[in-house]
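To start, the structure itself, in structure tokens.
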Amino acid sequence: MGNDLSPINYTNNEFRFRQDSTFLYYFGVNTPSVAAIIDIDQDSEIIFGDHATIDSIVWTGKLPTLLEQAAQFGVVNILTIKELNHYLEYTLQSKRKIHFIPQYRPENKIKLHHLLGLNFIEIEAGYSVELVKAVVSQREIKSEAEIIEIERAVNLSIDMHLAAIKMARTGMTEHEIAAEVNRIPLAQGADIAFPIIATKNGQTLHNHFHGNVIDEGDLFLLDAGAELPSGYCGDLSSTFPVSKTFSAQQKEIYSIALSVHQAAIDKLAPSVSFKEVHFEACRAIVNGLKGIGLMKGDTCEAITSGAHALFFPCGTGHMMGLDVHDMENLGEVWVGYDGAPKSTQFGLKSLRLSKELKPGFVFTIEPGIYFIPELIDRWMAEKTNAQFLNFDKINQFRNFGGIRNEENVLITTNGAKILGRPFPKTIQDIEQLRSLSN
């Protein structure tokens, strides 16, 4: 199923159209209200969609026809949407199995209800695991052409971060920085890959509020990436001081966060499981925080107990490509775990990628250190993992915020490659850029 236009607040006022990524991957057609079939038995591919009417041309102008678009991607069979219903009716009568992937758009669930005669519970539960596995096995290995596109998106994302690091100054609002970050991909004919996180409250993992004024002594966390017209994405995070330099306390935590980031990258290689990369980051967090008195006890026991999740309640990374969280609609258990069950432990349950790494995988590396006052208070009151945590010392950092650096990585045949041009993340590099701000 391709996607439809989606209204914001009335029918003709629409969000930016975004084609379904799996449809885009196989068929390339970036037009609303289409569907497609890969008929394995007949060895054919068919795109179903209606031709533009004169009424629509009045508003949109003459656009490439569906046939013209499809021909660029090697598809020559074009039928109308009405014929899709007949095609599926005949297929059902022939007792052939119809496979579909999980649906995230309500309108596509309604369409499948009418096309296949399934109720909504059957649509939710009845997706084809066989098809999902096949799609994942192809989309997870990025071709050379895909890697070129992803790297273009990463480089544009780097421009977004450099602009923020250079422009931030005392008295600005987060809105002003987010607006400039948004402008950069738009000016290049691209767009943002996801809603921008631009905040002085970096301890809130997905903070999309931009109403705060930034001040001396604040840390600023930016998580932003570009999406090219092809749909391929970049996804980077940076953390920098609003002051010209990091404070002593900020340097202390930032240095640990940077060592954690590097520990994860150093662990990357083909055949290594990403779960082990995650645990390598966790070990570096525990050892780093033990070094400054925030944690204590045996490192392995602390990780097994989940004590590090007070500071790192999320995962080290996720797959990336046509989706910024690549193929997430197909289900993390298939995309990130090859069908293996996920942990239910706090922190570890948020790890999106766990399976063995293969050449061609593209994903993020983004461990962080976060001081979440509400979580600190909860664990302190309940004495959660008290044998590994020095709550009195931790309380001295309760208003610190959060730190995250994020880069995009490709697994190669003999190691790993950070995509894009060099991205400043050392204290020296960040402070040098901050010296350029007005």
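Labeling convention for the structure tokens: chains A, B, ... as they appear, residues from 1 per chain, ligands from 1 in order of appearance.
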Using 10 Å as the limit and counting only C-alpha atoms, can you tabulate each residue of segment 183-214 of chain A that touches segment 239-263 of chain A, with its shortest atom-to-atom distance in Å and the two atoms involved, as a tab-separated table?
residue	atom	partner	partner_atom	distance
A:Ala198	CA	A:Thr239	CA	9.9
A:Thr199	CA	A:Thr239	CA	9.7
A:Lys200	CA	A:Val242	CA	8.9
A:Gly202	CA	A:Thr239	CA	8.5
A:Ile214	CA	A:Val242	CA	7.1
- Message: From a backbone DSSP assignment, name each residue in segment 37-150 of chain A labelled alpha helix (DSSP H), as a PyMOL selection string.
- Response: chain A and resi 54-60+66-71+81-93+106-116+120-125+129-139+144-150
Output file for the selection above: C-alpha atoms, as a JSON list (two decimals), in the first residue's frame:
[["chain", "number", "residue", "atom", "x", "y", "z"],
["A", 54, "ILE", "CA", -8.24, 18.02, -15.50],
["A", 55, "ASP", "CA", -9.62, 19.29, -12.18],
["A", 56, "SER", "CA", -6.48, 18.18, -10.35],
["A", 57, "ILE", "CA", -4.19, 19.52, -13.09],
["A", 58, "VAL", "CA", -5.75, 22.97, -12.63],
["A", 59, "TRP", "CA", -4.41, 22.98, -9.06],
["A", 60, "THR", "CA", -1.15, 21.07, -9.39],
["A", 66, "LEU", "CA", 2.05, 7.25, -13.27],
["A", 67, "LEU", "CA", 3.22, 5.34, -16.35],
["A", 68, "GLU", "CA", 6.16, 7.73, -16.83],
["A", 69, "GLN", "CA", 7.19, 7.45, -13.19],
["A", 70, "ALA", "CA", 6.85, 3.67, -13.11],
["A", 71, "ALA", "CA", 8.86, 3.23, -16.31],
["A", 81, "ILE", "CA", -7.37, 1.38, -8.43],
["A", 82, "LYS", "CA", -10.76, -0.11, -9.36],
["A", 83, "GLU", "CA", -8.94, -2.96, -11.08],
["A", 84, "LEU", "CA", -7.04, -3.71, -7.86],
["A", 85, "ASN", "CA", -10.30, -4.84, -6.29],
["A", 86, "HIS", "CA", -11.01, -7.21, -9.21],
["A", 87, "TYR", "CA", -7.43, -8.54, -9.16],
["A", 88, "LEU", "CA", -7.62, -9.39, -5.46],
["A", 89, "GLU", "CA", -11.11, -10.88, -5.74],
["A", 90, "TYR", "CA", -9.84, -13.25, -8.46],
["A", 91, "THR", "CA", -6.75, -14.08, -6.36],
["A", 92, "LEU", "CA", -8.86, -14.96, -3.33],
["A", 93, "GLN", "CA", -11.14, -17.12, -5.47],
["A", 106, "PRO", "CA", -5.63, 4.17, 9.38],
["A", 107, "GLU", "CA", -6.83, 4.84, 5.82],
["A", 108, "ASN", "CA", -4.78, 1.90, 4.52],
["A", 109, "LYS", "CA", -6.27, -0.36, 7.17],
["A", 110, "ILE", "CA", -9.71, 0.69, 5.95],
["A", 111, "LYS", "CA", -8.70, -0.03, 2.35],
["A", 112, "LEU", "CA", -7.46, -3.50, 3.27],
["A", 113, "HIS", "CA", -10.70, -4.11, 5.13],
["A", 114, "HIS", "CA", -12.64, -3.47, 1.93],
["A", 115, "LEU", "CA", -10.16, -5.19, -0.39],
["A", 116, "LEU", "CA", -9.61, -8.39, 1.58],
["A", 120, "PHE", "CA", -9.37, -4.53, 11.82],
["A", 121, "ILE", "CA", -8.17, -7.07, 14.38],
["A", 122, "GLU", "CA", -7.38, -9.48, 11.53],
["A", 123, "ILE", "CA", -5.50, -6.72, 9.71],
["A", 124, "GLU", "CA", -3.46, -5.88, 12.83],
["A", 125, "ALA", "CA", -2.57, -9.49, 13.54],
["A", 129, "VAL", "CA", 5.71, -12.54, 8.82],
["A", 130, "GLU", "CA", 7.14, -14.29, 5.76],
["A", 131, "LEU", "CA", 6.88, -11.08, 3.71],
["A", 132, "VAL", "CA", 8.20, -8.92, 6.57],
["A", 133, "LYS", "CA", 11.30, -11.13, 6.87],
["A", 134, "ALA", "CA", 11.85, -10.96, 3.12],
["A", 135, "VAL", "CA", 11.56, -7.16, 3.06],
["A", 136, "VAL", "CA", 13.87, -6.75, 6.06],
["A", 137, "SER", "CA", 16.47, -9.09, 4.55],
["A", 138, "GLN", "CA", 16.64, -6.88, 1.44],
["A", 139, "ARG", "CA", 16.22, -3.40, 2.88],
["A", 144, "GLU", "CA", 26.30, 1.38, -3.03],
["A", 145, "ALA", "CA", 23.73, 3.80, -4.51],
["A", 146, "GLU", "CA", 21.82, 3.89, -1.21],
["A", 147, "ILE", "CA", 24.99, 4.54, 0.79],
["A", 148, "ILE", "CA", 25.81, 7.50, -1.49],
["A", 149, "GLU", "CA", 22.35, 8.96, -0.82],
["A", 150, "ILE", "CA", 22.57, 8.36, 2.92]]
- Message: List as JSON, numbers by chain the protein and nucleic acid residues near Ile141 of chain A, meaning an atom at most 12 Å away when only C-alpha atoms are counted, but skip any in the same chain fewer than 5 places from it.
- Response: {"A": [134, 135, 136, 146, 147, 319, 320, 321, 322, 326, 335, 357, 358, 359, 360, 361, 362, 363, 410, 411, 412]}
Kindly export the residues of the current selection with N, CA and C atoms, as a short mmCIF file (atom, residue, chain, number, x, y, z; two decimals), in the first residue's frame.
data_model
loop_
_atom_site.label_atom_id
_atom_site.label_comp_id
_atom_site.auth_asym_id
_atom_site.auth_seq_id
_atom_site.Cartn_x
_atom_site.Cartn_y
_atom_site.Cartn_z
N ALA A 134 11.27 -11.13 4.45
CA ALA A 134 11.85 -10.96 3.12
C ALA A 134 12.22 -9.50 2.87
N VAL A 135 11.30 -8.59 3.24
CA VAL A 135 11.56 -7.16 3.06
C VAL A 135 12.75 -6.71 3.90
N VAL A 136 12.77 -7.13 5.17
CA VAL A 136 13.87 -6.75 6.06
C VAL A 136 15.20 -7.25 5.51
N GLU A 146 22.49 3.44 -2.44
CA GLU A 146 21.82 3.89 -1.21
C GLU A 146 22.81 4.56 -0.26
N ILE A 147 23.99 3.98 -0.12
CA ILE A 147 24.99 4.54 0.79
C ILE A 147 25.39 5.95 0.35
N MET A 319 18.61 1.10 13.30
CA MET A 319 18.84 1.04 11.85
C MET A 319 18.38 2.35 11.20
N MET A 320 19.00 2.70 10.08
CA MET A 320 18.69 3.97 9.42
C MET A 320 18.79 3.79 7.91
N GLY A 321 17.94 4.50 7.18
CA GLY A 321 17.95 4.41 5.72
C GLY A 321 16.87 5.27 5.12
N LEU A 322 15.87 4.62 4.49
CA LEU A 322 14.72 5.37 3.97
C LEU A 322 13.86 5.90 5.11
N ASP A 326 14.84 2.90 10.58
CA ASP A 326 14.55 2.17 9.36
C ASP A 326 13.66 0.95 9.61
N VAL A 335 13.02 -6.40 12.70
CA VAL A 335 14.07 -5.54 12.16
C VAL A 335 15.33 -5.59 13.02
N LEU A 357 25.61 -7.94 13.38
CA LEU A 357 25.84 -6.94 12.34
C LEU A 357 26.38 -7.59 11.07
N LYS A 358 25.93 -7.06 9.92
CA LYS A 358 26.37 -7.58 8.62
C LYS A 358 26.87 -6.42 7.76
N PRO A 359 27.81 -6.69 6.84
CA PRO A 359 28.21 -5.64 5.90
C PRO A 359 27.01 -5.11 5.14
N GLY A 360 26.92 -3.78 5.06
CA GLY A 360 25.77 -3.14 4.42
C GLY A 360 24.77 -2.57 5.40
N PHE A 361 24.87 -2.94 6.67
CA PHE A 361 24.00 -2.34 7.69
C PHE A 361 24.39 -0.86 7.88
N VAL A 362 23.40 0.00 7.99
CA VAL A 362 23.61 1.40 8.36
C VAL A 362 22.76 1.68 9.59
N PHE A 363 23.36 2.28 10.60
CA PHE A 363 22.65 2.52 11.86
C PHE A 363 23.29 3.68 12.60
N LEU A 410 28.29 2.74 8.88
CA LEU A 410 28.12 1.64 7.91
C LEU A 410 29.04 0.50 8.29
N ILE A 411 28.49 -0.71 8.35
CA ILE A 411 29.34 -1.89 8.55
C ILE A 411 29.92 -2.29 7.19
N THR A 412 31.25 -2.44 7.14
CA THR A 412 31.94 -2.85 5.94
C THR A 412 32.37 -4.31 6.08
#
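Once Arg105 of chain A and its same-chain neighbours fewer than 4 positions away are set aside, Met1, Gly2, Asn3, Asp4, Ser6, Asp20, Lys109 and Ile110 of chain A remain within 10 Å of it when counting only C-alpha atoms.
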Export of prior selection with N, CA and C atoms as a compact mmCIF listing (two decimals), in the first residue's frame:
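Contents of again.txt, as written:
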# COMPACT_ATOMS: atom_id res chain seq x y z
N MET A 1 0.84 -1.18 0.00
CA MET A 1 0.00 0.00 0.00
C MET A 1 0.88 1.24 0.00
N GLY A 2 0.63 2.14 -0.98
CA GLY A 2 1.24 3.46 -0.90
C GLY A 2 0.46 4.32 0.07
N ASN A 3 0.96 5.50 0.36
CA ASN A 3 0.27 6.40 1.29
C ASN A 3 -0.62 7.39 0.54
N ASP A 4 -1.59 7.94 1.27
CA ASP A 4 -2.45 9.01 0.77
C ASP A 4 -1.97 10.34 1.32
N SER A 6 -2.48 13.43 3.68
CA SER A 6 -3.05 13.43 5.03
C SER A 6 -3.40 14.85 5.46
N ASP A 20 5.12 5.77 1.57
CA ASP A 20 5.56 4.65 2.39
C ASP A 20 6.93 4.18 1.91
N LYS A 109 -5.59 0.74 6.49
CA LYS A 109 -6.27 -0.36 7.17
C LYS A 109 -7.72 -0.46 6.67
N ILE A 110 -8.34 0.68 6.47
CA ILE A 110 -9.71 0.69 5.95
C ILE A 110 -9.75 0.12 4.54
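Restricting the calculation to only C-alpha atoms, the smallest distance between Ser128 of chain A and any of A:Phe73, A:Trp334, A:Phe209, A:Tyr26 is found for A:Trp334.
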- Task: May I ask for the distance between atom CA of Leu389 of chain A and atom CA of Cys300 of chain A, given in Å to one decimal place?
- Result: 13.9 Å
- Query: Contacts of Ala281 of chain A at 12 Å or less, counting only C-alpha atoms, minus same-chain residues fewer than 6 places along, as a ChimeraX atom specification?
  - Reply: /A:256-268,274-275,287-288,299,303,308-309,311-312,314-317,365-369
How would the residues just chosen look if you wrote them out with C-alpha atoms as a compact mmCIF listing (two decimals), in the first residue's frame?
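Writing the result to result-v2.txt gives the following:
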# COMPACT_ATOMS: atom_id res chain seq x y z
CA ILE A 256 32.78 10.34 29.95
CA ALA A 257 29.99 10.50 27.36
CA LEU A 258 32.57 10.88 24.59
CA SER A 259 34.54 7.86 25.84
CA VAL A 260 31.30 5.85 25.92
CA HIS A 261 30.56 6.86 22.33
CA GLN A 262 34.05 5.82 21.21
CA ALA A 263 33.85 2.53 23.12
CA ALA A 264 30.70 1.63 21.16
CA ILE A 265 32.29 2.55 17.82
CA ASP A 266 35.46 0.58 18.62
CA LYS A 267 33.35 -2.54 19.22
CA LEU A 268 31.72 -2.46 15.76
CA PHE A 274 24.65 -4.97 18.42
CA LYS A 275 23.51 -6.00 21.90
CA ASN A 287 33.18 2.69 34.82
CA GLY A 288 33.20 6.38 33.94
CA THR A 299 30.51 -3.19 36.93
CA ILE A 303 24.74 -3.72 34.37
CA HIS A 308 23.19 2.20 34.65
CA ALA A 309 19.70 2.81 33.22
CA PHE A 311 21.61 7.59 33.45
CA PHE A 312 21.03 5.69 30.18
CA CYS A 314 17.47 3.93 26.18
CA GLY A 315 19.39 2.08 23.46
CA THR A 316 22.72 2.73 21.75
CA GLY A 317 21.31 2.97 18.23
CA ILE A 365 25.56 5.16 17.44
CA GLU A 366 24.10 7.42 20.13
CA PRO A 367 24.77 6.46 23.75
CA GLY A 368 24.09 9.27 26.20
CA ILE A 369 24.23 10.28 29.84
Using only C-alpha atoms, which residues sit within 9 Å of Asn155 of chain A once same-chain residues fewer than 3 positions away are excluded, as a PDB file with N, CA and C atoms, in the first residue's frame?
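Printed below is around.pdb as written:
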ATOM      1  N   ILE A 150      22.554   8.182   1.470  1.00  0.00           N
ATOM      2  CA  ILE A 150      22.569   8.363   2.918  1.00  0.00           C
ATOM      3  C   ILE A 150      23.692   9.310   3.313  1.00  0.00           C
ATOM      4  N   GLU A 151      24.856   9.152   2.701  1.00  0.00           N
ATOM      5  CA  GLU A 151      25.984  10.016   3.049  1.00  0.00           C
ATOM      6  C   GLU A 151      25.709  11.470   2.661  1.00  0.00           C
ATOM      7  N   ARG A 152      25.015  11.688   1.560  1.00  0.00           N
ATOM      8  CA  ARG A 152      24.592  13.056   1.191  1.00  0.00           C
ATOM      9  C   ARG A 152      23.683  13.626   2.277  1.00  0.00           C
ATOM     10  N   ILE A 158      25.004  17.430   8.978  1.00  0.00           N
ATOM     11  CA  ILE A 158      26.142  18.065   9.647  1.00  0.00           C
ATOM     12  C   ILE A 158      26.050  19.582   9.510  1.00  0.00           C
ATOM     13  N   ASP A 159      25.663  20.075   8.332  1.00  0.00           N
ATOM     14  CA  ASP A 159      25.485  21.517   8.150  1.00  0.00           C
ATOM     15  C   ASP A 159      24.465  22.080   9.140  1.00  0.00           C
ATOM     16  N   MET A 160      23.411  21.323   9.396  1.00  0.00           N
ATOM     17  CA  MET A 160      22.371  21.756  10.328  1.00  0.00           C
ATOM     18  C   MET A 160      22.949  21.926  11.734  1.00  0.00           C
ATOM     19  N   ALA A 226      18.547  15.480   8.120  1.00  0.00           N
ATOM     20  CA  ALA A 226      17.940  15.851   6.847  1.00  0.00           C
ATOM     21  C   ALA A 226      17.378  14.626   6.151  1.00  0.00           C
ATOM     22  N   GLY A 234      19.540  11.308   7.266  1.00  0.00           N
ATOM     23  CA  GLY A 234      20.631  11.383   8.222  1.00  0.00           C
ATOM     24  C   GLY A 234      20.036  11.614   9.596  1.00  0.00           C
ATOM     25  N   LEU A 419      29.839   7.579   8.512  1.00  0.00           N
ATOM     26  CA  LEU A 419      29.403   8.224   7.284  1.00  0.00           C
ATOM     27  C   LEU A 419      29.465   9.739   7.403  1.00  0.00           C
ATOM     28  N   GLY A 420      29.714  10.383   6.272  1.00  0.00           N
ATOM     29  CA  GLY A 420      29.771  11.838   6.241  1.00  0.00           C
ATOM     30  C   GLY A 420      31.162  12.362   6.536  1.00  0.00           C
ATOM     31  N   ARG A 421      31.315  13.657   6.326  1.00  0.00           N
ATOM     32  CA  ARG A 421      32.610  14.275   6.609  1.00  0.00           C
ATOM     33  C   ARG A 421      32.806  14.373   8.124  1.00  0.00           C
TER      34      ARG A 421
END
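Compared by their closest atoms to Leu79 of chain A, and using only C-alpha atoms, the residues A:Leu330, A:Lys355, A:Phe100, A:Ala36 rank with A:Ala36 nearest.
Atom CA of Ile37 of chain A lies 9.6 Å from atom CA of Ile98 of chain A.
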- Write down as an NGL selection string the residues belonging to segment 172-203 of chain A that are assigned strand (DSSP E) by DSSP computed on the backbone. :A and (191-192 or 197-199)
Those same residues, written as a short mmCIF file (atom, residue, chain, number, x, y, z; two decimals), in the first residue's frame with C-alpha atoms?
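And here's part_34.cif as it stands now:
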data_model
loop_
_atom_site.label_atom_id
_atom_site.label_comp_id
_atom_site.auth_asym_id
_atom_site.auth_seq_id
_atom_site.Cartn_x
_atom_site.Cartn_y
_atom_site.Cartn_z
CA ASP A 191 13.45 18.49 4.45
CA ILE A 192 13.85 17.38 8.04
CA ILE A 197 14.89 18.18 19.16
CA ALA A 198 16.54 21.48 20.12
CA THR A 199 16.58 21.94 23.86
#
